[in-house]
>>> print(open('structure-v1.pdb').read())   # PDB, C-alpha atoms, pLDDT in the B column
ATOM      1  CA  MET U   1     -75.457  62.568 -86.775  1.00 73.00           C
ATOM      2  CA  ALA U   2     -76.569  65.937 -85.427  1.00 79.00           C
ATOM      3  CA  SER U   3     -78.581  68.289 -87.615  1.00 89.00           C
ATOM      4  CA  PHE U   4     -77.448  71.817 -88.512  1.00 90.00           C
ATOM      5  CA  THR U   5     -79.650  73.287 -85.751  1.00 94.00           C
ATOM      6  CA  GLU U   6     -78.620  70.693 -83.168  1.00 95.00           C
ATOM      7  CA  GLU U   7     -74.969  71.439 -83.869  1.00 95.00           C
ATOM      8  CA  ASN U   8     -75.556  75.151 -83.328  1.00 95.00           C
ATOM      9  CA  TYR U   9     -77.152  74.406 -79.948  1.00 96.00           C
ATOM     10  CA  LEU U  10     -74.343  72.080 -78.915  1.00 96.00           C
ATOM     11  CA  LYS U  11     -71.719  74.654 -79.866  1.00 96.00           C
ATOM     12  CA  ALA U  12     -73.577  77.392 -77.987  1.00 96.00           C
ATOM     13  CA  LEU U  13     -73.772  75.210 -74.873  1.00 96.00           C
ATOM     14  CA  TYR U  14     -70.052  74.471 -75.154  1.00 95.00           C
ATOM     15  CA  ASN U  15     -69.140  78.148 -75.458  1.00 93.00           C
ATOM     16  CA  LEU U  16     -71.542  79.362 -72.753  1.00 94.00           C
ATOM     17  CA  SER U  17     -70.793  76.748 -70.094  1.00 92.00           C
ATOM     18  CA  ASN U  18     -69.678  78.135 -66.735  1.00 87.00           C
ATOM     19  CA  PRO U  19     -66.860  76.448 -64.740  1.00 84.00           C
ATOM     20  CA  GLN U  20     -69.417  73.909 -63.487  1.00 88.00           C
ATOM     21  CA  GLY U  21     -70.431  73.138 -67.073  1.00 90.00           C
ATOM     22  CA  GLU U  22     -73.892  74.687 -66.666  1.00 94.00           C
ATOM     23  CA  VAL U  23     -75.899  76.932 -68.992  1.00 95.00           C
ATOM     24  CA  SER U  24     -79.292  78.486 -68.236  1.00 95.00           C
ATOM     25  CA  ILE U  25     -82.085  78.202 -70.785  1.00 95.00           C
ATOM     26  CA  SER U  26     -82.403  82.000 -70.835  1.00 95.00           C
ATOM     27  CA  ASP U  27     -78.714  82.452 -71.681  1.00 96.00           C
ATOM     28  CA  LEU U  28     -78.934  79.775 -74.361  1.00 96.00           C
ATOM     29  CA  ALA U  29     -82.017  81.357 -75.923  1.00 96.00           C
ATOM     30  CA  HIS U  30     -80.444  84.813 -75.871  1.00 96.00           C
ATOM     31  CA  SER U  31     -77.235  83.519 -77.469  1.00 94.00           C
ATOM     32  CA  LEU U  32     -79.107  81.889 -80.338  1.00 95.00           C
ATOM     33  CA  ASN U  33     -81.682  84.673 -80.666  1.00 95.00           C
ATOM     34  CA  VAL U  34     -84.635  82.319 -80.124  1.00 96.00           C
ATOM     35  CA  SER U  35     -87.491  82.251 -77.616  1.00 96.00           C
ATOM     36  CA  MET U  36     -87.130  80.353 -74.353  1.00 94.00           C
ATOM     37  CA  PRO U  37     -89.870  77.852 -75.317  1.00 94.00           C
ATOM     38  CA  THR U  38     -87.991  77.140 -78.575  1.00 96.00           C
ATOM     39  CA  ALA U  39     -84.716  76.632 -76.723  1.00 95.00           C
ATOM     40  CA  ASN U  40     -86.438  74.458 -74.128  1.00 94.00           C
ATOM     41  CA  SER U  41     -87.929  72.264 -76.835  1.00 94.00           C
ATOM     42  CA  MET U  42     -84.580  71.755 -78.554  1.00 95.00           C
ATOM     43  CA  VAL U  43     -82.835  70.965 -75.264  1.00 96.00           C
ATOM     44  CA  LYS U  44     -85.387  68.219 -74.640  1.00 94.00           C
ATOM     45  CA  SER U  45     -84.583  66.815 -78.091  1.00 94.00           C
ATOM     46  CA  LEU U  46     -80.848  66.942 -77.337  1.00 96.00           C
ATOM     47  CA  GLN U  47     -81.498  65.126 -74.083  1.00 96.00           C
ATOM     48  CA  LYS U  48     -83.270  62.300 -75.918  1.00 95.00           C
ATOM     49  CA  SER U  49     -80.158  61.928 -78.085  1.00 94.00           C
ATOM     50  CA  GLY U  50     -77.948  61.675 -74.994  1.00 96.00           C
ATOM     51  CA  TRP U  51     -76.116  64.950 -75.595  1.00 96.00           C
ATOM     52  CA  VAL U  52     -77.323  66.932 -72.564  1.00 96.00           C
ATOM     53  CA  LEU U  53     -78.679  66.549 -69.055  1.00 96.00           C
ATOM     54  CA  TYR U  54     -81.657  68.723 -68.202  1.00 94.00           C
ATOM     55  CA  GLU U  55     -84.285  69.028 -65.509  1.00 92.00           C
ATOM     56  CA  LYS U  56     -87.044  71.625 -65.538  1.00 87.00           C
ATOM     57  CA  TYR U  57     -86.031  74.924 -63.895  1.00 86.00           C
ATOM     58  CA  LYS U  58     -82.393  73.800 -63.694  1.00 92.00           C
ATOM     59  CA  PRO U  59     -79.369  74.609 -65.908  1.00 94.00           C
ATOM     60  CA  VAL U  60     -78.430  72.469 -68.897  1.00 96.00           C
ATOM     61  CA  THR U  61     -75.162  70.493 -68.895  1.00 96.00           C
ATOM     62  CA  LEU U  62     -73.485  68.644 -71.732  1.00 96.00           C
ATOM     63  CA  THR U  63     -72.947  64.908 -71.252  1.00 96.00           C
ATOM     64  CA  PRO U  64     -69.472  63.532 -72.091  1.00 95.00           C
ATOM     65  CA  LYS U  65     -70.939  62.468 -75.458  1.00 95.00           C
ATOM     66  CA  GLY U  66     -72.383  65.944 -76.019  1.00 95.00           C
ATOM     67  CA  HIS U  67     -69.217  67.677 -74.898  1.00 95.00           C
ATOM     68  CA  LYS U  68     -67.106  65.740 -77.392  1.00 95.00           C
ATOM     69  CA  GLU U  69     -69.593  66.362 -80.221  1.00 95.00           C
ATOM     70  CA  ALA U  70     -69.629  70.088 -79.441  1.00 96.00           C
ATOM     71  CA  ALA U  71     -65.832  70.264 -79.179  1.00 96.00           C
ATOM     72  CA  LEU U  72     -65.463  68.656 -82.612  1.00 96.00           C
ATOM     73  CA  ILE U  73     -67.793  71.282 -84.103  1.00 96.00           C
ATOM     74  CA  VAL U  74     -65.672  74.008 -82.490  1.00 96.00           C
ATOM     75  CA  ARG U  75     -62.589  72.264 -83.870  1.00 97.00           C
ATOM     76  CA  LYS U  76     -63.942  72.397 -87.430  1.00 97.00           C
ATOM     77  CA  HIS U  77     -64.871  76.057 -87.021  1.00 97.00           C
ATOM     78  CA  ARG U  78     -61.494  77.145 -85.678  1.00 97.00           C
ATOM     79  CA  LEU U  79     -59.482  75.042 -88.127  1.00 98.00           C
ATOM     80  CA  THR U  80     -61.459  76.594 -90.955  1.00 98.00           C
ATOM     81  CA  GLU U  81     -60.784  80.100 -89.680  1.00 98.00           C
ATOM     82  CA  MET U  82     -57.068  79.318 -89.475  1.00 98.00           C
ATOM     83  CA  PHE U  83     -57.049  77.825 -92.984  1.00 98.00           C
ATOM     84  CA  LEU U  84     -58.805  80.878 -94.420  1.00 98.00           C
ATOM     85  CA  VAL U  85     -56.247  83.223 -92.829  1.00 97.00           C
ATOM     86  CA  LYS U  86     -53.056  81.211 -93.352  1.00 97.00           C
ATOM     87  CA  LYS U  87     -53.726  79.562 -96.727  1.00 97.00           C
ATOM     88  CA  MET U  88     -56.231  81.844 -98.451  1.00 97.00           C
ATOM     89  CA  GLY U  89     -55.220  85.289 -97.260  1.00 97.00           C
ATOM     90  CA  PHE U  90     -58.444  86.268 -95.486  1.00 97.00           C
ATOM     91  CA  GLY U  91     -58.309  88.859 -92.725  1.00 97.00           C
ATOM     92  CA  TRP U  92     -59.096  87.648 -89.211  1.00 97.00           C
ATOM     93  CA  GLU U  93     -62.212  89.847 -89.308  1.00 97.00           C
ATOM     94  CA  GLU U  94     -63.548  88.067 -92.420  1.00 96.00           C
ATOM     95  CA  VAL U  95     -63.507  84.393 -91.452  1.00 97.00           C
ATOM     96  CA  HIS U  96     -66.254  83.828 -88.892  1.00 95.00           C
ATOM     97  CA  GLU U  97     -69.274  83.730 -91.188  1.00 94.00           C
ATOM     98  CA  VAL U  98     -67.544  81.413 -93.672  1.00 96.00           C
ATOM     99  CA  ALA U  99     -66.492  79.064 -90.861  1.00 97.00           C
ATOM    100  CA  GLU U 100     -70.076  79.085 -89.546  1.00 95.00           C
ATOM    101  CA  GLN U 101     -71.103  77.328 -92.772  1.00 95.00           C
ATOM    102  CA  ILE U 102     -68.149  74.966 -93.207  1.00 96.00           C
ATOM    103  CA  GLU U 103     -68.279  73.684 -89.614  1.00 96.00           C
ATOM    104  CA  HIS U 104     -71.423  71.708 -90.501  1.00 95.00           C
ATOM    105  CA  ILE U 105     -69.717  69.605 -93.168  1.00 95.00           C
ATOM    106  CA  HIS U 106     -69.512  65.959 -92.061  1.00 94.00           C
ATOM    107  CA  ALA U 107     -66.213  64.910 -93.648  1.00 95.00           C
ATOM    108  CA  PRO U 108     -63.568  63.996 -91.023  1.00 93.00           C
ATOM    109  CA  LYS U 109     -60.837  63.359 -93.620  1.00 96.00           C
ATOM    110  CA  PHE U 110     -61.363  66.841 -95.052  1.00 97.00           C
ATOM    111  CA  PHE U 111     -60.674  68.493 -91.700  1.00 97.00           C
ATOM    112  CA  GLU U 112     -57.797  66.155 -90.849  1.00 96.00           C
ATOM    113  CA  ARG U 113     -56.158  67.099 -94.146  1.00 97.00           C
ATOM    114  CA  MET U 114     -56.756  70.772 -93.347  1.00 97.00           C
ATOM    115  CA  ASP U 115     -55.114  70.218 -89.948  1.00 97.00           C
ATOM    116  CA  GLU U 116     -52.094  68.570 -91.605  1.00 97.00           C
ATOM    117  CA  MET U 117     -51.699  71.358 -94.150  1.00 97.00           C
ATOM    118  CA  LEU U 118     -51.670  73.913 -91.330  1.00 97.00           C
ATOM    119  CA  GLY U 119     -49.079  71.985 -89.305  1.00 97.00           C
ATOM    120  CA  HIS U 120     -51.523  71.002 -86.528  1.00 96.00           C
ATOM    121  CA  PRO U 121     -52.170  74.455 -85.041  1.00 96.00           C
ATOM    122  CA  THR U 122     -53.228  74.719 -81.389  1.00 95.00           C
ATOM    123  CA  ILE U 123     -54.931  78.129 -81.669  1.00 96.00           C
ATOM    124  CA  ASP U 124     -57.155  79.881 -84.191  1.00 97.00           C
ATOM    125  CA  PRO U 125     -56.499  83.362 -85.689  1.00 97.00           C
ATOM    126  CA  HIS U 126     -58.021  85.009 -82.604  1.00 97.00           C
ATOM    127  CA  GLY U 127     -55.918  83.028 -80.111  1.00 96.00           C
ATOM    128  CA  SER U 128     -58.681  80.609 -79.075  1.00 95.00           C
ATOM    129  CA  PRO U 129     -57.527  76.999 -78.533  1.00 96.00           C
ATOM    130  CA  ILE U 130     -58.404  74.390 -81.170  1.00 96.00           C
ATOM    131  CA  PRO U 131     -59.657  71.048 -79.772  1.00 96.00           C
ATOM    132  CA  ASP U 132     -57.853  67.944 -81.048  1.00 95.00           C
ATOM    133  CA  ASN U 133     -59.604  65.233 -83.067  1.00 93.00           C
ATOM    134  CA  GLN U 134     -60.813  63.603 -79.846  1.00 94.00           C
ATOM    135  CA  GLY U 135     -62.413  66.808 -78.597  1.00 93.00           C
ATOM    136  CA  ARG U 136     -59.696  67.531 -76.046  1.00 93.00           C
ATOM    137  CA  MET U 137     -58.586  71.132 -75.748  1.00 90.00           C
ATOM    138  CA  GLN U 138     -55.345  72.500 -74.367  1.00 88.00           C
ATOM    139  CA  GLU U 139     -55.902  75.161 -71.721  1.00 85.00           C
ATOM    140  CA  PHE U 140     -53.915  78.389 -71.862  1.00 87.00           C
ATOM    141  CA  SER U 141     -53.528  80.824 -68.992  1.00 89.00           C
ATOM    142  CA  TYR U 142     -53.512  84.429 -70.129  1.00 94.00           C
ATOM    143  CA  THR U 143     -53.967  87.758 -68.360  1.00 96.00           C
ATOM    144  CA  PRO U 144     -56.427  90.522 -69.325  1.00 97.00           C
ATOM    145  CA  LEU U 145     -54.473  93.594 -70.367  1.00 98.00           C
ATOM    146  CA  SER U 146     -56.740  95.670 -68.124  1.00 97.00           C
ATOM    147  CA  THR U 147     -55.190  94.058 -65.015  1.00 96.00           C
ATOM    148  CA  CYS U 148     -51.582  94.768 -66.003  1.00 96.00           C
ATOM    149  CA  LYS U 149     -49.493  97.510 -64.448  1.00 96.00           C
ATOM    150  CA  PRO U 150     -47.545 100.470 -65.862  1.00 96.00           C
ATOM    151  CA  GLY U 151     -43.970  99.479 -66.613  1.00 96.00           C
ATOM    152  CA  GLN U 152     -44.834  95.939 -67.693  1.00 97.00           C
ATOM    153  CA  THR U 153     -44.126  94.609 -71.185  1.00 97.00           C
ATOM    154  CA  VAL U 154     -46.697  92.141 -72.523  1.00 98.00           C
ATOM    155  CA  GLN U 155     -47.466  90.217 -75.699  1.00 98.00           C
ATOM    156  CA  LEU U 156     -50.972  90.072 -77.172  1.00 98.00           C
ATOM    157  CA  THR U 157     -51.934  86.386 -77.290  1.00 97.00           C
ATOM    158  CA  ALA U 158     -55.727  86.100 -77.534  1.00 97.00           C
ATOM    159  CA  LEU U 159     -59.053  87.927 -77.502  1.00 97.00           C
ATOM    160  CA  THR U 160     -62.157  87.496 -75.387  1.00 94.00           C
ATOM    161  CA  ASN U 161     -64.251  89.070 -78.139  1.00 91.00           C
ATOM    162  CA  SER U 162     -63.800  88.430 -81.843  1.00 91.00           C
ATOM    163  CA  SER U 163     -66.718  90.381 -83.291  1.00 93.00           C
ATOM    164  CA  THR U 164     -66.130  91.915 -86.692  1.00 95.00           C
ATOM    165  CA  GLU U 165     -66.429  95.413 -85.213  1.00 96.00           C
ATOM    166  CA  PHE U 166     -63.790  94.755 -82.567  1.00 97.00           C
ATOM    167  CA  LEU U 167     -61.405  93.113 -85.018  1.00 97.00           C
ATOM    168  CA  GLU U 168     -61.763  96.056 -87.388  1.00 97.00           C
ATOM    169  CA  PHE U 169     -61.003  98.384 -84.477  1.00 97.00           C
ATOM    170  CA  LEU U 170     -57.818  96.421 -83.730  1.00 97.00           C
ATOM    171  CA  ASN U 171     -56.887  96.560 -87.423  1.00 97.00           C
ATOM    172  CA  SER U 172     -57.243 100.339 -87.350  1.00 96.00           C
ATOM    173  CA  ARG U 173     -54.788 100.439 -84.430  1.00 95.00           C
ATOM    174  CA  LYS U 174     -52.421  97.940 -86.121  1.00 96.00           C
ATOM    175  CA  LEU U 175     -52.849  95.530 -83.194  1.00 97.00           C
ATOM    176  CA  ALA U 176     -52.442  91.817 -83.961  1.00 96.00           C
ATOM    177  CA  LEU U 177     -51.603  88.639 -82.092  1.00 97.00           C
ATOM    178  CA  GLY U 178     -47.916  88.619 -81.211  1.00 96.00           C
ATOM    179  CA  THR U 179     -47.698  92.403 -80.802  1.00 97.00           C
ATOM    180  CA  GLN U 180     -45.555  93.428 -77.828  1.00 98.00           C
ATOM    181  CA  LEU U 181     -46.863  96.377 -75.822  1.00 97.00           C
ATOM    182  CA  LYS U 182     -45.161  98.501 -73.195  1.00 97.00           C
ATOM    183  CA  ILE U 183     -47.630  99.844 -70.629  1.00 97.00           C
ATOM    184  CA  LEU U 184     -46.739 103.467 -70.021  1.00 97.00           C
ATOM    185  CA  SER U 185     -49.463 104.635 -67.658  1.00 96.00           C
ATOM    186  CA  ARG U 186     -53.050 104.170 -66.469  1.00 96.00           C
ATOM    187  CA  GLU U 187     -55.598 106.980 -66.441  1.00 94.00           C
ATOM    188  CA  ALA U 188     -57.082 107.206 -62.932  1.00 92.00           C
ATOM    189  CA  TYR U 189     -60.377 108.657 -64.151  1.00 93.00           C
ATOM    190  CA  ASP U 190     -61.495 105.918 -66.557  1.00 94.00           C
ATOM    191  CA  GLN U 191     -58.823 103.197 -66.131  1.00 95.00           C
ATOM    192  CA  SER U 192     -57.761 103.461 -69.766  1.00 96.00           C
ATOM    193  CA  LEU U 193     -54.191 102.402 -70.519  1.00 97.00           C
ATOM    194  CA  VAL U 194     -51.554 104.348 -72.416  1.00 97.00           C
ATOM    195  CA  VAL U 195     -49.299 101.914 -74.272  1.00 97.00           C
ATOM    196  CA  SER U 196     -46.545 101.920 -76.870  1.00 97.00           C
ATOM    197  CA  TYR U 197     -45.883  99.274 -79.533  1.00 96.00           C
ATOM    198  CA  ASP U 198     -44.208  98.981 -82.913  1.00 94.00           C
ATOM    199  CA  SER U 199     -44.484 102.374 -84.635  1.00 92.00           C
ATOM    200  CA  HIS U 200     -47.007 103.674 -82.094  1.00 94.00           C
ATOM    201  CA  PRO U 201     -45.108 105.626 -79.419  1.00 95.00           C
ATOM    202  CA  GLN U 202     -48.292 106.386 -77.498  1.00 95.00           C
ATOM    203  CA  GLU U 203     -51.753 104.868 -77.915  1.00 96.00           C
ATOM    204  CA  THR U 204     -54.656 105.041 -75.463  1.00 96.00           C
ATOM    205  CA  LEU U 205     -56.789 101.915 -75.031  1.00 97.00           C
ATOM    206  CA  SER U 206     -60.062 102.160 -73.134  1.00 97.00           C
ATOM    207  CA  GLU U 207     -60.828  99.843 -70.223  1.00 96.00           C
ATOM    208  CA  LYS U 208     -63.436  98.104 -72.400  1.00 96.00           C
ATOM    209  CA  VAL U 209     -60.809  97.362 -75.064  1.00 97.00           C
ATOM    210  CA  SER U 210     -58.163  96.349 -72.523  1.00 97.00           C
ATOM    211  CA  GLU U 211     -60.532  93.851 -70.899  1.00 97.00           C
ATOM    212  CA  ARG U 212     -60.925  92.092 -74.251  1.00 97.00           C
ATOM    213  CA  LEU U 213     -57.195  91.740 -74.908  1.00 98.00           C
ATOM    214  CA  LEU U 214     -55.486  88.718 -73.329  1.00 98.00           C
ATOM    215  CA  VAL U 215     -51.742  88.923 -72.907  1.00 97.00           C
ATOM    216  CA  ARG U 216     -48.657  87.075 -71.727  1.00 96.00           C
ATOM    217  CA  ILE U 217     -46.489  89.117 -69.375  1.00 96.00           C
ATOM    218  CA  LEU U 218     -42.908  89.284 -70.652  1.00 95.00           C
ATOM    219  CA  GLU U 219     -41.395  91.530 -67.979  1.00 85.00           C
TER     220      GLU U 219
END
>>> encode(input="structure-v1.pdb", output="structure tokens")
Amino acid sequence: MASFTEENYLKALYNLSNPQGEVSISDLAHSLNVSMPTANSMVKSLQKSGWVLYEKYKPVTLTPKGHKEAALIVRKHRLTEMFLVKKMGFGWEEVHEVAEQIEHIHAPKFFERMDEMLGHPTIDPHGSPIPDNQGRMQEFSYTPLSTCKPGQTVQLTALTNSSTEFLEFLNSRKLALGTQLKILSREAYDQSLVVSYDSHPQETLSEKVSERLLVRILE
């Protein structure tokens, strides 16, 4: 059974992995706000447990065993976030820190019951996919709003950033998952988008914001 700290490392490796499944020690250390020697020491410990593959001066990769363990931690985190929003009335900007604590509980039946009560959701409140109880995750193909063209109608489906500050910004603009947006125009100077949705006939979204919004093109 992984310790609290080991689980945090495994989850960080899972979230940071590039398409080849690799993570540099420097990126891992930066993500967890620790020194590179500290990260290096923990990676060596994870390797002894069979969770990662690592050679000095090379990226870290999760083994199949480590990948499944990490995916199950992510599953607990995202199920918890969904439960807090759907069953307890939390805002999507309030759930991350609570889920950070609950994800370390080792009680499979507890999370399976949570999954059942929610109706087996496939995404969390921020649109991120929830791995199943075997650590398998359904892949979704979405488009960054920033790449869409004027005249298109899209639906907000997920976020690439779910920081509290960004979620509060979206709340202030009444933007939530499922919102349909009509792209009216693009500003040539800064690539910001002018969109309309719901009771907002005209709202300007910066390129930085648009890059963080993932959408499904409707027309």
>>> residues_around(input="structure-v1.pdb", residues="Gly135 (chain U)", least_positions_apart="3", cutoff="12 Å", atoms="all atoms listed in the file", output="list of chain:residue names")
U:Tyr14, U:Pro64, U:Lys65, U:Gly66, U:His67, U:Lys68, U:Glu69, U:Ala70, U:Ala71, U:Leu72, U:Ile73, U:Val74, U:Arg75, U:Lys76, U:Pro129, U:Ile130, U:Pro131, U:Asp132, U:Gln138
>>> closest_residue(input="structure-v1.pdb", among="U:Ser35, U:Thr5, U:Thr143, U:Ser45", to="Leu156 (chain U)", atoms="only C-alpha atoms")
U:Thr143
>>> closest_residue(input="structure-v1.pdb", among="U:Pro144, U:Gly178, U:Pro59, U:Gly21", to="His126 (chain U)", atoms="only C-alpha atoms")
U:Gly178
>>> closest_residue(input="structure-v1.pdb", among="U:Leu175, U:Ala2, U:Leu145, U:Leu167", to="Glu93 (chain U)", atoms="all atoms listed in the file")
U:Leu167
>>> axis_aligned_box(input="structure-v1.pdb", around="region 32-43 of chain U", padding_each_side="5 Å", output="AutoDock Vina command-line options")
--center_x -84.5 --center_y 77.8 --center_z -77.4 --size_x 20.8 --size_y 23.7 --size_z 16.5
